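Q: Pasting a structure below so you can have a look.
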Amino acid sequence: MSTLAFFLTQSVNALSQAALLFFLGVGLTLIFGIMRIVNFAHGALYMLGAFIGYSLVRWTGSFWLALVLAPILVALLGTAFELVILRRLYRRDAHAFLMVTFGLALVVTEAVRLIWGPDALQVPPPRLFSGVVFLLGEPFPTYRLFLAGAGAVMAIAIWQLLERTRLGLLIRATSQNAEMVHALGIDVGLVRSAVFGIGCGLAALGGVLAAPLVTASHAMAATVIIDAFVIVIIGGMGSFLGSLIGALLIAFVQVFGNYYLPDFALAFMYLVMLLVLVVRPGGLLGKEA
Amino acid sequence: MTFKPRYTRRAVLAGAGATIASPYIFTSAQAQAAGAIKIGMPLALTGPLGSVGQQQKRGAELYAKLQNAKGGILGRKIELLIEDTAGNPATCVRKAQEMVERYDCRLFTGITLSSEALAIVPKLAEWNSIFISSDNGDGRLTAESFVPNFFRANTSGPMGARAVSLYIKGAELKSFYALGMDYAWGHNSVQVFENEMQRLKINFIGKVFAPTGTKDYSTYIAKIRQSGADGVYLVLAGDDNNAFLAQAAQYQLSSKMALLTEQIELVALRAVGDASLGLIGSARYAFTFDTPANKEFVALWKAEHNNVPDTFEGEQWQCMKVFEAGIIKAGGIEADKLRPALEDLTIESVKGKVLIRKCDHQGVQQGFMVKVVKRDGFDHPIPEVLAVLPEDRTTPPCNKMTYDD
């Protein structure tokens, strides 16, 4: 394998990993930006997305249908959770949300175990992306290429949503000054419900997309929530662009770090986080606390 | 007129106290009367190796259910104490300690990770407890870390590595690379495999270890490819194994080199489907083993679960059979009686004859090489036996993890 081929394939691979991390991170950061809530259930919802995706693929035979429906179902669940439970807690301090979202994580995890059983389940990649392409003579799974593309498309879509649509305007306004938005006659509660739902749906989207790589498994939830928090902390809590940069940074550091210094594979992510926090305590694009 | 309470405060308190305490008194009295045999199982039911712990649980539960229906062992019911450790050695020690102190548990099995087992064994003498491993791979448990109250009924990591290397000897593979999980078992097995390759004069190109919980194996796959080896030796389990197999298939790694693995589990074959086809490895247990005891076990399993038993379900079953034979021979479960009874004990098991040898308490048993194939009647690939290796070839010399010949 030539050095150039190695760098090319691993860079595209890092982009595919960044896409998965971005779906998690951006949902988490949107929810934090609007609601000042750290959603501990994010990893569990990512896992739920993978398992719902598994069932939908089995029932419908279509990965694409699962890719669309699973995030919508989880988004609806998230919205319902916001309407029924979180809404009652906004007057409380942040601890209440930690407990409640952590509780949601436990409930979702156990529910998945009861419904789908304890074993990992197979979600094959869609037929269209089940082969390899040759990048400078090196085989590279087309599914990872698709992931990198999906990440780019979604990043642009979310950016357009935030910058160009009325909902985006309301989201940005609410994150800056919710009281003022309220005073202007906007139902802030509705914006919060929508954002919580969208954030949960994005986590589920990541889950469905990750399933062909890692299978749908229970351990997904625990391992991924840490990554998501690290990305959000690096990027700056509540910053869309920050979560994108954070995801790219972590993915590249992990992929190339694992290759050159495999003994320190687990440490890289935290070292980058430490470095960022020392230089910019509020994260790369966050406001200093 | 003053209201006079009918109950004094003291009576109410006493009543409440009795109500709270009564369930405990009841269960302990019940257990005493029945003299239940308690077997502690601090299992990794969650975490990356949760699927292994779940198998151990199911294996032990079916055994206990069927044996209790026959009246238990020595007329005493079997009571399994099952707790989740999430694969954390410190949690494992704490839960085991609790079982000893609160429930007077003196028998242990099913501790899922070798790192957990290595943390438990130094405490066995203090707890006056016997621990029979049903899955711990690390060779050190019957070598430098050996303690008299530890027994291993299962095939160890070195034995799996040995089976693979005996197989390689007959295959046309000239060079190898190795990928292991970055904890006790992975390191130990890769080390044994490396030694075997050097003895066989097969070029061992290098090795790499991936942390447990690794999700993206692309860099490891790149390293394996770059090594240019004819084959790669894998020491992976649980979710990590599934992720690797799925991704290796997507990178079409098997078109470049042979994939040999230390253990093959159905749970992985179900999780990755056709991505596992063609994989060759040693199997600690497979439902396809052709022994009378295994046919009987598979039938019992099908009747209960409506599917076929997996690797650690079979291993746990074998381990429970060792417990049973040992307890009957000893006439009790006290460590001082059970230890000598287990030494040099022979049983006819699902894997054929198993001898728990006295010198290091390792179960001497046959090795099996299997290949993952598709067969009618199964909606997932299954392991088919390629070769059965005699026990004297696969089991290492006493208190050792390396082989002399």
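In the structure tokens, chains take the letters A, B, ... in the order shown, each chain's residues start at 1, and ligands count up from 1 in the order shown.
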Return the neighbours of chain A among the residues of chain B, cut-off 10 Å, counting only C-alpha atoms, as a ChimeraX atom specification.
A: /B:45-52,54-55,182,208-223,225-228,238-253,267-275
Q: Hey, can you spit out that residue selection with C-alpha atoms as a CSV table (one decimal), in the first residue's frame?
A:
```csv
chain,number,residue,atom,x,y,z
B,45,LEU,CA,-24.1,-9.2,31.8
B,46,THR,CA,-23.6,-5.7,30.3
B,47,GLY,CA,-20.7,-4.0,28.5
B,48,PRO,CA,-18.8,-5.1,25.5
B,49,LEU,CA,-18.6,-8.7,26.7
B,50,GLY,CA,-22.2,-8.8,27.9
B,51,SER,CA,-23.1,-11.4,25.3
B,52,VAL,CA,-20.6,-13.8,26.9
B,54,GLN,CA,-25.5,-13.7,29.1
B,55,GLN,CA,-24.5,-17.1,27.6
B,182,ASP,CA,-6.3,-5.0,24.8
B,208,VAL,CA,-1.6,-5.0,17.5
B,209,PHE,CA,-4.1,-4.6,20.3
B,210,ALA,CA,-7.4,-2.8,20.1
B,211,PRO,CA,-9.0,-1.4,23.3
B,212,THR,CA,-12.3,-3.2,24.4
B,213,GLY,CA,-15.2,-1.2,23.0
B,214,THR,CA,-13.4,-0.3,19.7
B,215,LYS,CA,-16.0,0.7,17.1
B,216,ASP,CA,-13.9,1.5,14.0
B,217,TYR,CA,-11.4,-1.2,13.0
B,218,SER,CA,-10.4,0.4,9.7
B,219,THR,CA,-6.9,1.4,11.0
B,220,TYR,CA,-6.3,-2.1,12.4
B,221,ILE,CA,-7.5,-3.6,9.1
B,222,ALA,CA,-5.1,-1.3,7.3
B,223,LYS,CA,-2.2,-2.5,9.5
B,225,ARG,CA,-3.2,-5.6,5.1
B,226,GLN,CA,0.0,-3.7,5.1
B,227,SER,CA,1.8,-6.5,7.0
B,228,GLY,CA,1.4,-8.6,3.8
B,238,GLY,CA,-18.3,-9.9,22.0
B,239,ASP,CA,-19.3,-6.7,20.3
B,240,ASP,CA,-15.7,-6.0,19.3
B,241,ASN,CA,-15.6,-9.3,17.4
B,242,ASN,CA,-18.9,-8.5,15.7
B,243,ALA,CA,-17.7,-5.0,14.6
B,244,PHE,CA,-14.4,-6.4,13.4
B,245,LEU,CA,-15.9,-9.2,11.3
B,246,ALA,CA,-18.6,-6.9,9.8
B,247,GLN,CA,-15.9,-4.4,8.8
B,248,ALA,CA,-13.3,-6.9,7.7
B,249,ALA,CA,-16.0,-8.3,5.3
B,250,GLN,CA,-16.7,-4.8,4.0
B,251,TYR,CA,-13.0,-4.3,3.3
B,252,GLN,CA,-12.9,-7.8,1.7
B,253,LEU,CA,-10.0,-8.7,3.9
B,267,VAL,CA,-23.8,-15.0,18.7
B,268,ALA,CA,-21.3,-13.4,16.4
B,269,LEU,CA,-22.3,-15.5,13.4
B,270,ARG,CA,-25.9,-14.4,14.0
B,271,ALA,CA,-24.9,-10.7,14.4
B,272,VAL,CA,-22.7,-10.5,11.3
B,273,GLY,CA,-24.4,-13.1,9.1
B,274,ASP,CA,-22.6,-13.9,5.8
B,275,ALA,CA,-19.7,-11.7,6.8
```
Q: Neighbours of stretch 80-83 of chain B within 12 Å (only C-alpha atoms; same-chain residues fewer than 4 positions away dropped), as number ranges by chain?
A: B: 36-46, 53-54, 56-65, 68, 87, 91-100, 102-112, 320
Q: Convert the current residue selection to file output with N, CA and C atoms, as a compact mmCIF listing (two decimals), in the first residue's frame.
A:
```
# COMPACT_ATOMS: atom_id res chain seq x y z
N ALA B 36 -29.70 -25.40 50.43
CA ALA B 36 -29.41 -25.15 49.01
C ALA B 36 -27.92 -25.00 48.76
N ILE B 37 -27.48 -25.47 47.61
CA ILE B 37 -26.10 -25.26 47.19
C ILE B 37 -26.07 -23.95 46.43
N LYS B 38 -25.39 -22.96 47.04
CA LYS B 38 -25.37 -21.64 46.39
C LYS B 38 -24.14 -21.53 45.50
N ILE B 39 -24.37 -21.13 44.26
CA ILE B 39 -23.26 -20.92 43.34
C ILE B 39 -23.27 -19.46 42.90
N GLY B 40 -22.22 -18.75 43.25
CA GLY B 40 -22.14 -17.33 42.93
C GLY B 40 -21.66 -17.11 41.49
N MET B 41 -22.36 -16.25 40.78
CA MET B 41 -21.96 -15.91 39.40
C MET B 41 -21.93 -14.41 39.19
N PRO B 42 -20.82 -13.75 39.56
CA PRO B 42 -20.71 -12.32 39.25
C PRO B 42 -20.33 -12.19 37.77
N LEU B 43 -21.32 -11.93 36.93
CA LEU B 43 -21.14 -11.99 35.48
C LEU B 43 -21.09 -10.62 34.84
N ALA B 44 -20.38 -10.53 33.72
CA ALA B 44 -20.47 -9.31 32.90
C ALA B 44 -21.71 -9.46 32.02
N LEU B 45 -22.85 -9.03 32.53
CA LEU B 45 -24.09 -9.16 31.76
C LEU B 45 -24.29 -7.97 30.83
N THR B 46 -23.59 -6.88 31.12
CA THR B 46 -23.64 -5.71 30.25
C THR B 46 -22.21 -5.34 29.87
N GLY B 53 -21.36 -13.07 29.06
CA GLY B 53 -21.98 -13.25 30.37
C GLY B 53 -23.41 -13.77 30.26
N GLN B 54 -24.14 -13.26 29.27
CA GLN B 54 -25.52 -13.72 29.08
C GLN B 54 -25.55 -15.21 28.73
N GLN B 56 -23.29 -17.45 29.65
CA GLN B 56 -22.95 -18.20 30.86
C GLN B 56 -24.17 -18.33 31.76
N LYS B 57 -24.92 -17.21 31.84
CA LYS B 57 -26.12 -17.20 32.67
C LYS B 57 -27.12 -18.23 32.16
N ARG B 58 -27.37 -18.22 30.85
CA ARG B 58 -28.36 -19.16 30.30
C ARG B 58 -27.92 -20.61 30.49
N GLY B 59 -26.61 -20.87 30.29
CA GLY B 59 -26.09 -22.23 30.45
C GLY B 59 -26.30 -22.74 31.86
N ALA B 60 -25.95 -21.88 32.85
CA ALA B 60 -26.08 -22.29 34.25
C ALA B 60 -27.54 -22.43 34.64
N GLU B 61 -28.38 -21.54 34.14
CA GLU B 61 -29.79 -21.57 34.52
C GLU B 61 -30.49 -22.83 34.03
N LEU B 62 -30.17 -23.24 32.79
CA LEU B 62 -30.82 -24.45 32.29
C LEU B 62 -30.36 -25.65 33.12
N TYR B 63 -29.05 -25.68 33.41
CA TYR B 63 -28.54 -26.80 34.21
C TYR B 63 -29.26 -26.84 35.57
N ALA B 64 -29.33 -25.68 36.24
CA ALA B 64 -29.94 -25.63 37.58
C ALA B 64 -31.40 -26.05 37.51
N LYS B 65 -32.10 -25.59 36.50
CA LYS B 65 -33.52 -25.91 36.37
C LYS B 65 -33.74 -27.42 36.21
N ASN B 68 -32.47 -29.34 39.40
CA ASN B 68 -33.37 -29.16 40.53
C ASN B 68 -34.64 -29.98 40.35
N GLY B 87 -18.25 -6.20 33.63
CA GLY B 87 -16.89 -6.52 33.18
C GLY B 87 -15.80 -5.77 33.92
N THR B 91 -15.59 -4.19 40.54
CA THR B 91 -16.99 -4.50 40.82
C THR B 91 -17.16 -5.99 41.06
N CYS B 92 -16.45 -6.78 40.26
CA CYS B 92 -16.54 -8.23 40.36
C CYS B 92 -16.12 -8.69 41.76
N VAL B 93 -14.99 -8.16 42.25
CA VAL B 93 -14.51 -8.55 43.58
C VAL B 93 -15.52 -8.13 44.65
N ARG B 94 -16.07 -6.92 44.49
CA ARG B 94 -17.04 -6.41 45.47
C ARG B 94 -18.28 -7.29 45.51
N LYS B 95 -18.79 -7.66 44.33
CA LYS B 95 -20.02 -8.47 44.29
C LYS B 95 -19.76 -9.87 44.84
N ALA B 96 -18.58 -10.42 44.52
CA ALA B 96 -18.26 -11.76 45.02
C ALA B 96 -18.14 -11.73 46.55
N GLN B 97 -17.48 -10.68 47.05
CA GLN B 97 -17.31 -10.52 48.50
C GLN B 97 -18.67 -10.46 49.19
N GLU B 98 -19.58 -9.73 48.57
CA GLU B 98 -20.94 -9.60 49.09
C GLU B 98 -21.63 -10.97 49.15
N MET B 99 -21.42 -11.76 48.10
CA MET B 99 -22.04 -13.10 48.06
C MET B 99 -21.51 -13.97 49.19
N VAL B 100 -20.20 -13.82 49.47
CA VAL B 100 -19.60 -14.61 50.55
C VAL B 100 -20.15 -14.14 51.90
N ARG B 102 -22.78 -12.01 52.74
CA ARG B 102 -24.22 -11.94 53.00
C ARG B 102 -24.93 -13.28 52.84
N TYR B 103 -24.45 -14.08 51.88
CA TYR B 103 -25.19 -15.31 51.58
C TYR B 103 -24.38 -16.57 51.88
N ASP B 104 -23.18 -16.39 52.46
CA ASP B 104 -22.34 -17.54 52.79
C ASP B 104 -22.09 -18.41 51.55
N CYS B 105 -21.87 -17.74 50.44
CA CYS B 105 -21.63 -18.46 49.18
C CYS B 105 -20.18 -18.92 49.14
N ARG B 106 -19.97 -20.21 48.84
CA ARG B 106 -18.60 -20.77 48.84
C ARG B 106 -18.19 -21.33 47.48
N LEU B 107 -19.09 -21.25 46.52
CA LEU B 107 -18.77 -21.76 45.19
C LEU B 107 -18.94 -20.64 44.18
N PHE B 108 -18.00 -20.53 43.25
CA PHE B 108 -18.11 -19.50 42.22
C PHE B 108 -17.88 -20.09 40.83
N THR B 109 -18.54 -19.50 39.87
CA THR B 109 -18.26 -19.81 38.47
C THR B 109 -18.73 -18.63 37.63
N GLY B 110 -18.42 -18.69 36.34
CA GLY B 110 -18.99 -17.73 35.41
C GLY B 110 -18.39 -16.34 35.42
N ILE B 111 -17.30 -16.12 36.15
CA ILE B 111 -16.69 -14.80 36.14
C ILE B 111 -16.18 -14.57 34.71
N THR B 112 -16.70 -13.54 34.04
CA THR B 112 -16.61 -13.49 32.58
C THR B 112 -15.21 -13.15 32.06
N MET B 320 -20.76 -26.91 34.93
CA MET B 320 -21.75 -27.32 35.94
C MET B 320 -21.67 -28.83 36.16
```
Q: Take atom CA of A:Phe252 and atom CA of A:Met47 and report the distance between them in Å, one decimal.
A: 23.4 Å
Q: Rounded to one decimal place, report the atom CA of A:Leu169-atom CA of A:Arg87 distance in Å.
A: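 Computing the Euclidean distance for atom CA of A:Leu169 and atom CA of A:Arg87 yields 21.7 Å.
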Q: Looking only at the backbone, which of the residues in stretch 12-236 of chain B does DSSP tag as strand (DSSP E), as a PyMOL selection string?
A: chain B and resi 37-43+78-84+107-109+130-133+150-152+175-181+203-210+231-235
Q: Record the distance separating atom CA of A:Val232 and atom CA of A:Glu179, expressed in Å with one decimal.
A: 24.8 Å
Q: Neighbouring residues of stretch 256-258 of chain B were defined as those with any atom within 10 Å, considering only C-alpha atoms; residues of the same chain fewer than 5 positions away were excluded. Please report them as a count of residues only.
A: 14
Q: If we count only C-alpha atoms and set the cut-off at 10 Å, which residues sit around B:Asn195, ignoring sequence neighbours fewer than 5 positions away in its own chain? Please answer as a ChimeraX atom specification.
A: /B:161-162,165,189-190,200-201,204,402-403
Q: Restricting the output to C-alpha atoms, write the selected residues as a short mmCIF file (atom, residue, chain, number, x, y, z; two decimals), in the first residue's frame.
A:
```cif
data_model
loop_
_atom_site.label_atom_id
_atom_site.label_comp_id
_atom_site.auth_asym_id
_atom_site.auth_seq_id
_atom_site.Cartn_x
_atom_site.Cartn_y
_atom_site.Cartn_z
CA ALA B 161 -3.99 -20.64 20.20
CA ARG B 162 -2.35 -24.06 20.17
CA SER B 165 -1.17 -23.32 15.36
CA SER B 189 -3.29 -15.57 23.71
CA VAL B 190 -1.37 -13.47 21.18
CA LEU B 200 7.00 -23.69 13.87
CA LYS B 201 9.43 -21.37 12.03
CA PHE B 204 5.38 -13.77 12.83
CA THR B 402 3.77 -22.71 26.31
CA TYR B 403 4.33 -26.03 24.59
#
```
Q: Set the distance at 7 Å and use only C-alpha atoms: which residues neighbour stretch 98-107 of chain A once local chain neighbours fewer than 6 positions away are removed? I'd like the list as a list of chain:residue names.
A: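 My list of contacting residues is A:Val38, A:Asn39, A:Phe40, A:Ala41, A:Ala44.
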Q: I need the residues from that last selection saved to file as an mmCIF file, in the first residue's frame (with N, CA and C atoms), if you can.
A:
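Okay, again-v4.cif is ready:
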```cif
data_model
loop_
_atom_site.group_PDB
_atom_site.id
_atom_site.type_symbol
_atom_site.label_atom_id
_atom_site.label_comp_id
_atom_site.auth_asym_id
_atom_site.auth_seq_id
_atom_site.Cartn_x
_atom_site.Cartn_y
_atom_site.Cartn_z
ATOM 1 N N VAL A 38 -28.250 19.027 29.474
ATOM 2 C CA VAL A 38 -27.309 18.025 28.995
ATOM 3 C C VAL A 38 -28.088 16.719 28.908
ATOM 4 N N ASN A 39 -28.322 16.261 27.692
ATOM 5 C CA ASN A 39 -29.185 15.096 27.499
ATOM 6 C C ASN A 39 -28.400 13.790 27.653
ATOM 7 N N PHE A 40 -28.506 13.198 28.842
ATOM 8 C CA PHE A 40 -27.772 11.961 29.107
ATOM 9 C C PHE A 40 -28.338 10.773 28.342
ATOM 10 N N ALA A 41 -29.547 10.926 27.817
ATOM 11 C CA ALA A 41 -30.179 9.804 27.108
ATOM 12 C C ALA A 41 -29.730 9.723 25.655
ATOM 13 N N ALA A 44 -28.408 6.387 24.500
ATOM 14 C CA ALA A 44 -29.452 5.362 24.495
ATOM 15 C C ALA A 44 -30.364 5.531 23.282
#
```
Q: Which residues are close to A:Phe23, i.e. within 10 Å by only C-alpha atoms, leaving aside same-chain residues fewer than 5 positions away? Reply as a VMD selection string.
A: chain A and resid 18 28 46 151 154 to 155 199 to 207 209 228 243 to 244 247
Q: Could you please take those selected residues and save N, CA and C atoms as a CSV table (one decimal), in the first residue's frame?
A:
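Contents of the output file out.csv:
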```
chain,number,residue,atom,x,y,z
A,18,ALA,N,-16.3,10.8,11.3
A,18,ALA,CA,-16.7,12.1,11.7
A,18,ALA,C,-18.2,12.3,11.5
A,28,LEU,N,-26.9,16.9,20.4
A,28,LEU,CA,-26.6,17.2,21.8
A,28,LEU,C,-26.4,18.7,22.0
A,46,TYR,N,-29.5,6.8,20.4
A,46,TYR,CA,-28.6,6.4,19.3
A,46,TYR,C,-28.8,4.9,19.1
A,151,GLY,N,-22.8,12.5,5.8
A,151,GLY,CA,-22.4,13.5,6.8
A,151,GLY,C,-22.4,14.9,6.3
A,154,MET,N,-25.9,16.2,5.4
A,154,MET,CA,-26.7,16.6,6.6
A,154,MET,C,-26.1,17.8,7.2
A,155,ALA,N,-24.8,18.0,7.2
A,155,ALA,CA,-24.2,19.2,7.8
A,155,ALA,C,-24.7,20.4,7.1
A,199,GLY,N,-33.1,16.8,17.8
A,199,GLY,CA,-31.8,16.3,18.4
A,199,GLY,C,-31.9,14.8,18.6
A,200,CYS,N,-33.0,14.3,19.1
A,200,CYS,CA,-33.1,12.8,19.4
A,200,CYS,C,-33.1,12.1,18.0
A,201,GLY,N,-33.8,12.7,17.0
A,201,GLY,CA,-33.9,12.1,15.7
A,201,GLY,C,-32.5,12.0,15.1
A,202,LEU,N,-31.7,13.0,15.3
A,202,LEU,CA,-30.3,13.0,14.7
A,202,LEU,C,-29.5,11.9,15.3
A,203,ALA,N,-29.7,11.7,16.7
A,203,ALA,CA,-29.0,10.6,17.3
A,203,ALA,C,-29.4,9.3,16.7
A,204,ALA,N,-30.7,9.1,16.5
A,204,ALA,CA,-31.2,7.8,16.0
A,204,ALA,C,-30.6,7.6,14.5
A,205,LEU,N,-30.5,8.7,13.8
A,205,LEU,CA,-30.0,8.6,12.4
A,205,LEU,C,-28.6,8.1,12.5
A,206,GLY,N,-27.8,8.6,13.4
A,206,GLY,CA,-26.4,8.1,13.6
A,206,GLY,C,-26.4,6.6,14.0
A,207,GLY,N,-27.4,6.3,14.8
A,207,GLY,CA,-27.5,4.9,15.2
A,207,GLY,C,-27.8,3.9,14.0
A,209,LEU,N,-27.2,4.5,10.9
A,209,LEU,CA,-26.0,4.5,10.0
A,209,LEU,C,-24.9,3.7,10.5
A,228,ALA,N,-19.7,11.8,22.3
A,228,ALA,CA,-20.6,12.9,22.0
A,228,ALA,C,-20.3,14.1,22.9
A,243,SER,N,-19.6,21.7,16.9
A,243,SER,CA,-19.8,20.3,16.9
A,243,SER,C,-19.3,19.6,15.6
A,244,LEU,N,-19.4,20.4,14.5
A,244,LEU,CA,-18.8,19.9,13.2
A,244,LEU,C,-17.3,19.8,13.3
A,247,ALA,N,-16.3,17.0,15.8
A,247,ALA,CA,-16.4,15.7,15.2
A,247,ALA,C,-15.3,15.4,14.2
```
Q: Considering only C-alpha atoms, state which residue in the set A:Arg166, A:Ile171, A:Trp64, A:Thr3 is at the smallest distance from A:Gly189.
A: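 Between A:Arg166, A:Ile171, A:Trp64, A:Thr3, the residue approaching A:Gly189 most closely is A:Ile171.
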Q: Nearest to A:Val26: which of A:Leu248, A:Val230, A:Val279, A:Gly238 is it, counting only C-alpha atoms?
A: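 Among the listed residues, the smallest separation from A:Val26 belongs to A:Gly238.
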